[in-house]
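J.: So I've got this file, input.pdb, and it contains PDB, C-alpha atoms and all ligand atoms:
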```
ATOM      1  CA  MET A   1      11.440   0.366   0.145
ATOM      2  CA  PRO A   2       9.086   2.613  -1.821
ATOM      3  CA  GLU A   3       8.986   6.153  -0.444
ATOM      4  CA  LEU A   4       6.796   9.153  -1.206
ATOM      5  CA  PRO A   5       7.610   9.455  -4.946
ATOM      6  CA  GLU A   6       7.061   5.761  -5.644
ATOM      7  CA  VAL A   7       3.832   5.625  -3.625
ATOM      8  CA  GLU A   8       2.575   8.839  -5.258
ATOM      9  CA  THR A   9       3.319   7.339  -8.691
ATOM     10  CA  VAL A  10       1.359   4.193  -7.857
ATOM     11  CA  ALA A  11      -1.608   6.247  -6.572
ATOM     12  CA  ARG A  12      -1.629   8.462  -9.680
ATOM     13  CA  LEU A  13      -1.469   5.562 -12.118
ATOM     14  CA  ILE A  14      -4.028   3.422 -10.268
ATOM     15  CA  ARG A  15      -6.505   6.297  -9.863
ATOM     16  CA  PRO A  16      -8.041   6.436 -13.378
ATOM     17  CA  ARG A  17      -8.395   2.657 -13.420
ATOM     18  CA  VAL A  18     -10.303   2.234 -10.151
ATOM     19  CA  LEU A  19     -11.987   5.564  -9.332
ATOM     20  CA  GLY A  20     -15.781   5.248  -9.265
ATOM     21  CA  ARG A  21     -15.677   1.464  -9.615
ATOM     22  CA  THR A  22     -17.619  -0.759  -7.229
ATOM     23  CA  ILE A  23     -15.969  -3.699  -5.487
ATOM     24  CA  THR A  24     -17.999  -6.798  -6.335
ATOM     25  CA  ALA A  25     -15.900  -9.446  -4.559
ATOM     26  CA  SER A  26     -12.664  -9.824  -2.613
ATOM     27  CA  GLN A  27     -10.114 -12.577  -2.203
ATOM     28  CA  ALA A  28      -7.522 -12.654   0.557
ATOM     29  CA  LEU A  29      -4.875 -15.207  -0.358
ATOM     30  CA  TRP A  30      -2.499 -14.257   2.480
ATOM     31  CA  LEU A  31      -4.447 -13.267   5.566
ATOM     32  CA  ARG A  32      -1.635 -11.352   7.263
ATOM     33  CA  SER A  33      -1.717  -8.790   4.455
ATOM     34  CA  LEU A  34      -5.106  -7.674   5.804
ATOM     35  CA  GLY A  35      -3.572  -6.824   9.184
ATOM     36  CA  GLY A  36      -6.232  -8.451  11.371
ATOM     37  CA  PRO A  37      -9.687  -9.415  10.148
ATOM     38  CA  SER A  38     -10.705 -12.744   8.705
ATOM     39  CA  ALA A  39     -11.224 -12.957   4.956
ATOM     40  CA  ALA A  40     -14.981 -13.080   5.527
ATOM     41  CA  ALA A  41     -14.988  -9.977   7.767
ATOM     42  CA  PHE A  42     -12.833  -8.112   5.253
ATOM     43  CA  ASP A  43     -15.139  -9.107   2.420
ATOM     44  CA  GLU A  44     -18.135  -7.805   4.319
ATOM     45  CA  GLN A  45     -16.358  -4.475   4.898
ATOM     46  CA  VAL A  46     -15.454  -3.852   1.258
ATOM     47  CA  ARG A  47     -17.918  -5.724  -0.954
ATOM     48  CA  GLY A  48     -20.480  -3.383  -2.513
ATOM     49  CA  CYS A  49     -18.399  -0.284  -1.786
ATOM     50  CA  ALA A  50     -17.444   2.199  -4.474
ATOM     51  CA  ILE A  51     -13.923   3.626  -4.609
ATOM     52  CA  THR A  52     -14.660   7.339  -4.265
ATOM     53  CA  HIS A  53     -11.145   8.775  -3.969
ATOM     54  CA  VAL A  54      -7.603   7.582  -4.564
ATOM     55  CA  GLY A  55      -4.852   9.458  -2.778
ATOM     56  CA  ARG A  56      -1.656   9.143  -0.812
ATOM     57  CA  ARG A  57      -0.753   9.979   2.764
ATOM     58  CA  ALA A  58       2.878   9.432   3.785
ATOM     59  CA  LYS A  59       3.766   6.018   2.323
ATOM     60  CA  TYR A  60       0.158   4.808   2.219
ATOM     61  CA  ILE A  61      -2.020   4.605  -0.855
ATOM     62  CA  VAL A  62      -5.472   5.551   0.423
ATOM     63  CA  LEU A  63      -8.516   4.150  -1.392
ATOM     64  CA  THR A  64     -11.537   5.905   0.103
ATOM     65  CA  LEU A  65     -14.709   3.826   0.068
ATOM     66  CA  GLY A  66     -18.354   4.839  -0.025
ATOM     67  CA  ARG A  67     -21.720   3.164  -0.103
ATOM     68  CA  ALA A  68     -24.643   4.496  -2.117
ATOM     69  CA  ALA A  69     -26.878   6.599   0.137
ATOM     70  CA  PRO A  70     -30.170   4.759   0.901
ATOM     71  CA  ALA A  71     -32.360   7.240  -0.985
ATOM     72  CA  GLU A  72     -30.128   6.884  -4.019
ATOM     73  CA  ARG A  73     -30.210   3.127  -4.287
ATOM     74  CA  ALA A  74     -33.513   3.103  -6.104
ATOM     75  CA  ALA A  75     -32.701   6.256  -8.101
ATOM     76  CA  PRO A  76     -32.459   6.125 -11.879
ATOM     77  CA  LYS A  77     -29.017   5.057 -13.115
ATOM     78  CA  HIS A  78     -28.190   8.281 -14.920
ATOM     79  CA  ARG A  79     -28.227  10.313 -11.694
ATOM     80  CA  LEU A  80     -24.913  10.932 -10.023
ATOM     81  CA  THR A  81     -24.782   8.544  -7.092
ATOM     82  CA  LYS A  82     -24.134  10.075  -3.695
ATOM     83  CA  HIS A  83     -22.023   8.003  -1.374
ATOM     84  CA  GLU A  84     -21.864   7.813   2.371
ATOM     85  CA  PRO A  85     -18.344   7.335   3.768
ATOM     86  CA  ALA A  86     -17.610   3.650   4.332
ATOM     87  CA  GLY A  87     -13.986   3.690   5.501
ATOM     88  CA  ALA A  88     -10.866   3.277   3.430
ATOM     89  CA  LEU A  89      -8.249   0.808   2.315
ATOM     90  CA  LEU A  90      -4.706   1.724   3.344
ATOM     91  CA  VAL A  91      -2.105   0.039   1.192
ATOM     92  CA  HIS A  92       1.491   0.014   2.423
ATOM     93  CA  LEU A  93       3.919  -1.509  -0.072
ATOM     94  CA  ARG A  94       6.766  -1.955   2.461
ATOM     95  CA  MET A  95       9.605  -3.857   0.721
ATOM     96  CA  THR A  96       8.094  -5.623  -2.261
ATOM     97  CA  GLY A  97       4.384  -4.739  -2.481
ATOM     98  CA  ARG A  98       2.952  -3.963  -5.900
ATOM     99  CA  LEU A  99      -0.492  -2.678  -6.809
ATOM    100  CA  HIS A 100      -1.856  -3.158 -10.317
ATOM    101  CA  VAL A 101      -5.088  -3.635 -12.251
ATOM    102  CA  GLU A 102      -5.592  -6.482 -14.705
ATOM    103  CA  PRO A 103      -8.543  -7.996 -16.590
ATOM    104  CA  SER A 104     -10.394 -10.351 -14.241
ATOM    105  CA  ALA A 105     -10.062 -13.112 -16.831
ATOM    106  CA  ASP A 106      -6.266 -13.117 -16.356
ATOM    107  CA  PRO A 107      -5.142 -15.618 -13.711
ATOM    108  CA  LEU A 108      -3.760 -14.229 -10.447
ATOM    109  CA  GLY A 109       0.023 -14.343 -10.103
ATOM    110  CA  PRO A 110       1.901 -16.534  -7.597
ATOM    111  CA  TYR A 111       2.503 -13.540  -5.301
ATOM    112  CA  THR A 112      -0.986 -12.026  -5.343
ATOM    113  CA  ARG A 113      -2.024 -11.629  -1.699
ATOM    114  CA  VAL A 114      -5.269  -9.659  -2.035
ATOM    115  CA  ALA A 115      -7.507  -9.212  -5.072
ATOM    116  CA  LEU A 116     -10.581  -7.000  -5.427
ATOM    117  CA  SER A 117     -12.947  -7.667  -8.322
ATOM    118  CA  LEU A 118     -14.345  -4.444  -9.796
ATOM    119  CA  ASP A 119     -17.622  -3.936 -11.646
ATOM    120  CA  ASP A 120     -15.893  -3.224 -14.979
ATOM    121  CA  GLY A 121     -14.360  -6.658 -15.454
ATOM    122  CA  HIS A 122     -11.005  -5.798 -13.903
ATOM    123  CA  THR A 123      -9.313  -6.854 -10.682
ATOM    124  CA  LEU A 124      -7.198  -4.672  -8.415
ATOM    125  CA  ARG A 125      -4.319  -6.875  -7.283
ATOM    126  CA  PHE A 126      -1.893  -6.529  -4.426
ATOM    127  CA  ASP A 127       1.193  -8.637  -5.082
ATOM    128  CA  ASP A 128       3.895  -8.946  -2.447
ATOM    129  CA  VAL A 129       6.817 -11.359  -2.750
ATOM    130  CA  ARG A 130       8.103 -10.936   0.805
ATOM    131  CA  LYS A 131       4.693 -10.428   2.463
ATOM    132  CA  PHE A 132       5.644  -7.416   4.619
ATOM    133  CA  GLY A 133       3.146  -5.147   2.867
ATOM    134  CA  ARG A 134      -0.334  -4.417   4.158
ATOM    135  CA  PHE A 135      -3.730  -4.014   2.532
ATOM    136  CA  THR A 136      -5.852  -2.911   5.444
ATOM    137  CA  PHE A 137      -9.447  -1.770   5.823
ATOM    138  CA  VAL A 138      -9.992   1.044   8.333
ATOM    139  CA  ALA A 139     -13.381   2.451   9.313
ATOM    140  CA  ASP A 140     -11.967   5.892  10.145
ATOM    141  CA  PRO A 141      -9.008   6.818   7.919
ATOM    142  CA  ALA A 142      -8.462  10.222   9.566
ATOM    143  CA  ALA A 143      -8.007   8.552  12.956
ATOM    144  CA  ALA A 144      -5.810   5.796  11.510
ATOM    145  CA  LEU A 145      -3.465   8.343   9.890
ATOM    146  CA  HIS A 146      -3.618  10.919  12.668
ATOM    147  CA  HIS A 147      -0.122  10.218  14.028
ATOM    148  CA  LEU A 148       1.672  11.172  10.811
ATOM    149  CA  GLY A 149       3.669  14.362  10.420
ATOM    150  CA  PRO A 150       3.053  16.963   7.710
ATOM    151  CA  GLU A 151       3.372  16.163   4.028
ATOM    152  CA  PRO A 152       6.623  17.619   2.678
ATOM    153  CA  LEU A 153       4.907  18.869  -0.499
ATOM    154  CA  SER A 154       2.153  20.654   1.455
ATOM    155  CA  ASP A 155       2.011  24.329   2.442
ATOM    156  CA  GLU A 156       2.551  23.281   6.068
ATOM    157  CA  PHE A 157       6.145  22.256   5.356
ATOM    158  CA  THR A 158       7.932  25.611   5.462
ATOM    159  CA  GLY A 159      11.380  26.695   6.600
ATOM    160  CA  ALA A 160       9.905  28.419   9.657
ATOM    161  CA  TRP A 161       7.932  25.326  10.650
ATOM    162  CA  LEU A 162      10.912  23.036  10.100
ATOM    163  CA  ARG A 163      13.330  25.157  12.073
ATOM    164  CA  ASP A 164      10.974  25.332  15.065
ATOM    165  CA  ALA A 165      10.225  21.619  14.852
ATOM    166  CA  LEU A 166      13.940  20.725  14.609
ATOM    167  CA  ARG A 167      14.754  22.876  17.625
ATOM    168  CA  GLN A 168      12.172  21.105  19.743
ATOM    169  CA  ARG A 169      13.483  17.612  18.966
ATOM    170  CA  ARG A 170      17.210  17.595  19.745
ATOM    171  CA  ARG A 171      17.926  14.573  17.603
ATOM    172  CA  GLN A 172      20.320  13.845  14.780
ATOM    173  CA  LEU A 173      18.938  15.029  11.451
ATOM    174  CA  LYS A 174      18.734  11.745   9.603
ATOM    175  CA  PRO A 175      16.825   9.640  12.148
ATOM    176  CA  LEU A 176      14.493  12.568  12.711
ATOM    177  CA  LEU A 177      13.730  12.983   9.004
ATOM    178  CA  LEU A 178      13.076   9.235   8.732
ATOM    179  CA  ASP A 179      10.531   9.452  11.565
ATOM    180  CA  GLN A 180       7.080   9.428   9.945
ATOM    181  CA  GLU A 181       5.591  11.267  12.908
ATOM    182  CA  PHE A 182       7.988  14.149  12.294
ATOM    183  CA  VAL A 183       7.552  14.466   8.540
ATOM    184  CA  ALA A 184       5.685  11.991   6.355
ATOM    185  CA  GLY A 185       6.849  10.019   3.353
ATOM    186  CA  LEU A 186      10.644  10.284   3.460
ATOM    187  CA  GLY A 187      12.834   7.197   3.671
ATOM    188  CA  ASN A 188      16.482   6.265   3.367
ATOM    189  CA  ILE A 189      17.003   7.309  -0.259
ATOM    190  CA  TYR A 190      15.365  10.711  -0.313
ATOM    191  CA  VAL A 191      16.703  11.757   3.094
ATOM    192  CA  ASP A 192      20.280  11.104   1.906
ATOM    193  CA  GLU A 193      19.609  12.924  -1.338
ATOM    194  CA  ALA A 194      17.972  15.936   0.335
ATOM    195  CA  LEU A 195      20.663  16.291   3.005
ATOM    196  CA  HIS A 196      23.331  16.313   0.304
ATOM    197  CA  GLU A 197      21.440  18.870  -1.754
ATOM    198  CA  ALA A 198      21.017  21.054   1.361
ATOM    199  CA  GLN A 199      24.686  20.474   2.333
ATOM    200  CA  LEU A 200      23.766  19.219   5.781
ATOM    201  CA  HIS A 201      25.372  16.275   7.550
ATOM    202  CA  PRO A 202      23.036  13.418   8.640
ATOM    203  CA  LEU A 203      24.542  13.460  12.155
ATOM    204  CA  GLN A 204      24.005  17.176  12.693
ATOM    205  CA  SER A 205      21.990  17.937  15.837
ATOM    206  CA  SER A 206      18.564  19.172  14.882
ATOM    207  CA  GLU A 207      18.569  22.027  17.405
ATOM    208  CA  ARG A 208      21.668  23.520  15.784
ATOM    209  CA  VAL A 209      20.104  23.905  12.333
ATOM    210  CA  THR A 210      19.936  27.601  11.465
ATOM    211  CA  LYS A 211      17.038  29.332   9.760
ATOM    212  CA  PRO A 212      18.832  29.516   6.362
ATOM    213  CA  GLN A 213      19.773  25.833   6.663
ATOM    214  CA  ALA A 214      16.155  24.903   7.421
ATOM    215  CA  GLU A 215      15.014  26.928   4.391
ATOM    216  CA  ARG A 216      17.612  25.142   2.274
ATOM    217  CA  LEU A 217      16.502  21.750   3.535
ATOM    218  CA  VAL A 218      12.833  22.470   2.764
ATOM    219  CA  SER A 219      13.745  23.572  -0.778
ATOM    220  CA  ALA A 220      15.941  20.500  -1.261
ATOM    221  CA  VAL A 221      13.292  18.049  -0.017
ATOM    222  CA  ARG A 222      10.630  19.593  -2.244
ATOM    223  CA  ALA A 223      12.817  19.798  -5.353
ATOM    224  CA  ILE A 224      14.036  16.217  -5.016
ATOM    225  CA  LEU A 225      10.596  14.756  -4.353
ATOM    226  CA  GLU A 226       9.067  16.686  -7.273
ATOM    227  CA  GLU A 227      11.810  15.542  -9.632
ATOM    228  CA  ALA A 228      11.502  11.953  -8.396
ATOM    229  CA  ILE A 229       7.714  11.990  -8.932
ATOM    230  CA  LEU A 230       8.252  13.262 -12.496
ATOM    231  CA  ARG A 231      10.586  10.318 -13.036
ATOM    232  CA  GLU A 232       8.082   7.886 -11.463
ATOM    233  CA  GLY A 233      10.378   7.093  -8.531
ATOM    234  CA  SER A 234      13.565   5.049  -8.207
ATOM    235  CA  SER A 235      14.027   1.409  -9.238
ATOM    236  CA  PHE A 236      17.377  -0.055  -8.311
ATOM    237  CA  ASP A 237      16.293  -3.637  -7.710
ATOM    238  CA  THR A 238      13.694  -5.830  -9.328
ATOM    239  CA  PHE A 239      10.899  -4.923  -6.913
ATOM    240  CA  TYR A 240       9.585  -1.423  -7.396
ATOM    241  CA  ARG A 241       7.623  -1.147 -10.631
ATOM    242  CA  THR A 242       4.793   1.201 -11.539
ATOM    243  CA  PRO A 243       1.301  -0.310 -11.901
ATOM    244  CA  GLU A 244       2.077  -0.412 -15.649
ATOM    245  CA  GLY A 245       5.098  -2.616 -14.933
ATOM    246  CA  GLN A 246       7.695   0.050 -15.743
ATOM    247  CA  PRO A 247      10.721   0.949 -13.603
ATOM    248  CA  GLY A 248      11.141   4.529 -12.362
ATOM    249  CA  SER A 249      14.195   6.457 -13.527
ATOM    250  CA  TYR A 250      15.178   8.716 -10.632
ATOM    251  CA  GLN A 251      18.051   6.339  -9.761
ATOM    252  CA  GLU A 252      19.891   7.830 -12.753
ATOM    253  CA  GLN A 253      19.890  11.164 -10.879
ATOM    254  CA  PHE A 254      21.136   9.941  -7.505
ATOM    255  CA  ARG A 255      23.502  12.472  -5.988
ATOM    256  CA  VAL A 256      24.920  10.255  -3.253
ATOM    257  CA  TYR A 257      22.578   7.322  -2.592
ATOM    258  CA  GLY A 258      24.356   4.075  -3.501
ATOM    259  CA  ARG A 259      27.283   6.047  -4.979
ATOM    260  CA  ASP A 260      29.910   5.408  -2.273
ATOM    261  CA  GLY A 261      33.415   5.357  -3.732
ATOM    262  CA  ARG A 262      32.326   7.486  -6.694
ATOM    263  CA  PRO A 263      32.868  11.236  -7.152
ATOM    264  CA  CYS A 264      30.366  13.735  -5.747
ATOM    265  CA  ARG A 265      28.419  15.257  -8.619
ATOM    266  CA  ARG A 266      28.882  18.716  -7.135
ATOM    267  CA  CYS A 267      32.513  18.842  -5.957
ATOM    268  CA  GLY A 268      34.237  15.656  -7.105
ATOM    269  CA  ALA A 269      35.189  14.408  -3.604
ATOM    270  CA  THR A 270      34.631  10.689  -3.012
ATOM    271  CA  VAL A 271      31.179   9.845  -1.648
ATOM    272  CA  GLN A 272      31.384   7.910   1.617
ATOM    273  CA  LYS A 273      29.063   5.409   3.253
ATOM    274  CA  LEU A 274      28.330   5.598   6.984
ATOM    275  CA  VAL A 275      25.837   3.833   9.173
ATOM    276  CA  VAL A 276      23.347   6.166  10.864
ATOM    277  CA  ALA A 277      20.379   4.801  12.788
ATOM    278  CA  GLN A 278      21.256   1.313  11.431
ATOM    279  CA  ARG A 279      20.780   2.574   7.893
ATOM    280  CA  GLY A 280      23.409   2.784   5.171
ATOM    281  CA  THR A 281      23.932   6.530   4.733
ATOM    282  CA  HIS A 282      25.702   8.297   1.900
ATOM    283  CA  VAL A 283      27.509  11.617   2.293
ATOM    284  CA  CYS A 284      30.011  13.808   0.505
ATOM    285  CA  PRO A 285      32.669  14.685   3.097
ATOM    286  CA  ARG A 286      33.321  18.038   1.437
ATOM    287  CA  CYS A 287      29.761  19.223   0.749
ATOM    288  CA  GLN A 288      28.419  17.902   4.079
ATOM    289  CA  ARG A 289      30.846  18.897   6.828
ATOM    290  CA  THR A 290      30.982  16.612   9.845
ATOM    291  CA  PRO A 291      29.408  18.539  12.733
ATOM    292  CA  ARG A 292      31.489  19.533  15.751
ATOM    293  CA  GLY A 293      31.727  16.864  18.422
ATOM    294  CA  VAL A 294      31.283  13.963  15.968
ATOM    295  CA  PRO A 295      34.432  11.820  15.540
TER     296      PRO A 295
HETATM  297 ZN    ZN A 301      30.609  17.174  -2.724
END
```
Here is the file; what I need is its structure written in the form of structure tokens.

T.:
Amino acid sequence: MPELPEVETVARLIRPRVLGRTITASQALWLRSLGGPSAAAFDEQVRGCAITHVGRRAKYIVLTLGRAAPAERAAPKHRLTKHEPAGALLVHLRMTGRLHVEPSADPLGPYTRVALSLDDGHTLRFDDVRKFGRFTFVADPAAALHHLGPEPLSDEFTGAWLRDALRQRRRQLKPLLLDQEFVAGLGNIYVDEALHEAQLHPLQSSERVTKPQAERLVSAVRAILEEAILREGSSFDTFYRTPEGQPGSYQEQFRVYGRDGRPCRRCGATVQKLVVAQRGTHVCPRCQRTPRGVP
């Protein structure tokens, strides 16, 4: 499933192709992708809106929408149009979602679930083989995203914050780091990679993490996410591709993820696979000591 680096890559590559464009029409070919409204209600919400910002929050691509302010509608074309907020589209790729922009003249693919026609002759397309992804309109994006924890690449995510937050939770590290309300954007791959880099075991109790360990974990999470963004994410199956159709290359750097039975890149011990919180979890038994009390 795409995590922060993959979603960030999609947002960055989509941005120059859709920013400032106006949505002239919408097609919903698989209603469930919209997460609720009818195709007609969705069309009414988005048609005529300009895309005024393209960003990411957690694993959502956020397309902020605006409508030309009433006084501006009759204004001469060369003036910079002011927009009133008109909600946002939250795109969650889940397992197999893919966002890309193509010329409107090109036929839609067999897996296109939602398509937005733009005023420059292109169409923003949301393809999704397995249909778990969502392409949802929300009137109030701040409220819709309110439950999410801090962004790990923001100034909020510090060693001091993390240590306090870990102490309050009393949970095992891995399930806690996967919890989007605790910290946003991490998933199975980058949690395994960061815990290995920080030399912390996924089953360690959060309240036992020391200040230096919390500092190390923050540095590891940041370094791994930044490197993965530079490499446009990880592609280890046929699903995740950038909007340009290219695979990411961070999978070539994996420290432990998917490397069970192979030597640890740091110490040479054999990487092991465990199941933690129903997720396949990869650890080096030498770099990541099993915590006391765990068999
Ligand atoms: Zn090792």

J.: Could you give me, as a PyMOL selection string, the residues within 12 Å of region 162-168 of chain A, counting all atoms listed in the file and dropping anything in the same chain fewer than 3 positions from it?

T.: chain A and resi 149-152+155-159+171-177+181-183+204-219+221

J.: Applied to the shown file, which residues does the PyMOL selection byres (((chain A and resi 99) around 10) and not hetatm) return, written as a list in words?

T.: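 On the file shown, the PyMOL selection byres (((chain A and resi 99) around 10) and not hetatm) covers Val7, Val10, Ala11, Leu13, Ile14, Ile61, Val91, His92, Leu93, Gly97, Arg98, His100, Val101, Thr112, Val114, Ala115, Leu124, Arg125, Phe126, Asp127, Asp128, Phe135, Arg241, Thr242, Pro243, Glu244 and Gly245 of chain A.
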
J.: Output the neighbourhood of ligand ZN 301 (chain A) as number ranges by chain, that is, all protein and nucleic acid residues with some atom at most 8 Å from the ligand, counting all atoms listed in the file.

T.: A: 196, 263-271, 284-288

J.: Find the axis-aligned box for region 58-63 of chain A, covering all its listed atoms and adding 6 Å on each side, and write its centre and edge lengths in Å to one decimal as lines of an AutoDock Vina configuration file.

T.:
```
center_x = -2.4
center_y = 6.8
center_z = 1.2
size_x = 24.3
size_y = 17.3
size_z = 17.2
```

J.: For Met1 (chain A), which residue among A:Met95, A:Ala142, A:Ala88, A:Ala41 is the nearest when counting all atoms listed in the file?

T.: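 Looking at the shortest contact to Met1 (chain A), the residue is A:Met95.
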
J.: Counting only C-alpha atoms, figure out which residue out of A:Pro110, A:Gly293, A:Gly55, A:Gly258 gets nearest to Arg12 (chain A).

T.: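 Comparing A:Pro110, A:Gly293, A:Gly55, A:Gly258 against Arg12 (chain A), the winner is A:Gly55.
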
J.: Pick from A:Leu178, A:Leu19, A:Ala105, A:Ala50: nearest to Gln278 (chain A), with only C-alpha atoms counted?

T.: A:Leu178

J.: Between A:Asp179, A:Thr136, A:Leu203, A:Gly233, which is the closest to Arg32 (chain A) once you count all atoms listed in the file?

T.: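 Closest candidate: A:Thr136.
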
J.: With only C-alpha atoms as the atoms that count, which of A:Ser38, A:Leu65, A:His83, A:Glu226 lies nearest to Tyr190 (chain A)?

T.: A:Glu226

J.: Nearest to Val256 (chain A) among A:Arg15, A:His201, A:Arg130, A:Lys273, with distances taken over all atoms listed in the file: which residue is it?

T.: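 Residue with the minimum atom-to-atom distance to Val256 (chain A): A:Lys273.
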
J.: Between CA of Ile51 (chain A) and CA of Ala39 (chain A), what is the distance, to one decimal in Å?

T.: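 Between CA of Ile51 (chain A) and CA of Ala39 (chain A) the gap is 19.3 Å.
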
J.: Starting from the incomplete input, reconstruct N, CA and C atoms of region 213-234 of chain A and write that as a short mmCIF file (atom, residue, chain, number, x, y, z; two decimals), in the frame of the given file.

T.:
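As written to disk, rebuild.cif reads:
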```cif
data_model
loop_
_atom_site.label_atom_id
_atom_site.label_comp_id
_atom_site.auth_asym_id
_atom_site.auth_seq_id
_atom_site.Cartn_x
_atom_site.Cartn_y
_atom_site.Cartn_z
N GLN A 213 19.60 27.27 6.94
CA GLN A 213 19.77 25.83 6.66
C GLN A 213 18.41 25.13 6.58
N ALA A 214 17.49 25.51 7.46
CA ALA A 214 16.16 24.90 7.42
C ALA A 214 15.46 25.26 6.11
N GLU A 215 15.61 26.51 5.67
CA GLU A 215 15.01 26.93 4.39
C GLU A 215 15.60 26.10 3.25
N ARG A 216 16.93 25.90 3.32
CA ARG A 216 17.61 25.14 2.27
C ARG A 216 17.15 23.68 2.26
N LEU A 217 16.94 23.15 3.44
CA LEU A 217 16.50 21.75 3.54
C LEU A 217 15.08 21.59 2.98
N VAL A 218 14.21 22.52 3.30
CA VAL A 218 12.83 22.47 2.76
C VAL A 218 12.88 22.53 1.24
N SER A 219 13.66 23.45 0.69
CA SER A 219 13.74 23.57 -0.78
C SER A 219 14.30 22.30 -1.39
N ALA A 220 15.32 21.71 -0.73
CA ALA A 220 15.94 20.50 -1.26
C ALA A 220 14.96 19.33 -1.24
N VAL A 221 14.26 19.16 -0.13
CA VAL A 221 13.29 18.05 -0.02
C VAL A 221 12.23 18.18 -1.10
N ARG A 222 11.69 19.39 -1.25
CA ARG A 222 10.63 19.59 -2.24
C ARG A 222 11.13 19.34 -3.66
N ALA A 223 12.30 19.91 -3.98
CA ALA A 223 12.82 19.80 -5.35
C ALA A 223 13.10 18.34 -5.69
N ILE A 224 13.68 17.62 -4.74
CA ILE A 224 14.04 16.22 -5.02
C ILE A 224 12.79 15.35 -5.15
N LEU A 225 11.82 15.56 -4.26
CA LEU A 225 10.60 14.76 -4.35
C LEU A 225 9.85 15.05 -5.66
N GLU A 226 9.79 16.33 -6.04
CA GLU A 226 9.07 16.69 -7.27
C GLU A 226 9.75 16.06 -8.49
N GLU A 227 11.06 16.13 -8.51
CA GLU A 227 11.81 15.54 -9.63
C GLU A 227 11.62 14.02 -9.65
N ALA A 228 11.64 13.42 -8.47
CA ALA A 228 11.50 11.95 -8.40
C ALA A 228 10.09 11.52 -8.82
N ILE A 229 9.08 12.32 -8.50
CA ILE A 229 7.71 11.99 -8.93
C ILE A 229 7.63 12.08 -10.46
N LEU A 230 8.25 13.13 -11.03
CA LEU A 230 8.25 13.26 -12.50
C LEU A 230 8.88 12.05 -13.15
N ARG A 231 9.88 11.48 -12.48
CA ARG A 231 10.59 10.32 -13.04
C ARG A 231 10.00 9.00 -12.53
N GLU A 232 8.81 9.08 -11.94
CA GLU A 232 8.08 7.89 -11.46
C GLU A 232 8.88 7.06 -10.47
N GLY A 233 9.69 7.75 -9.63
CA GLY A 233 10.38 7.09 -8.53
C GLY A 233 11.69 6.46 -8.95
N SER A 234 12.25 5.67 -8.02
CA SER A 234 13.56 5.05 -8.21
C SER A 234 13.41 3.53 -8.21
#
```
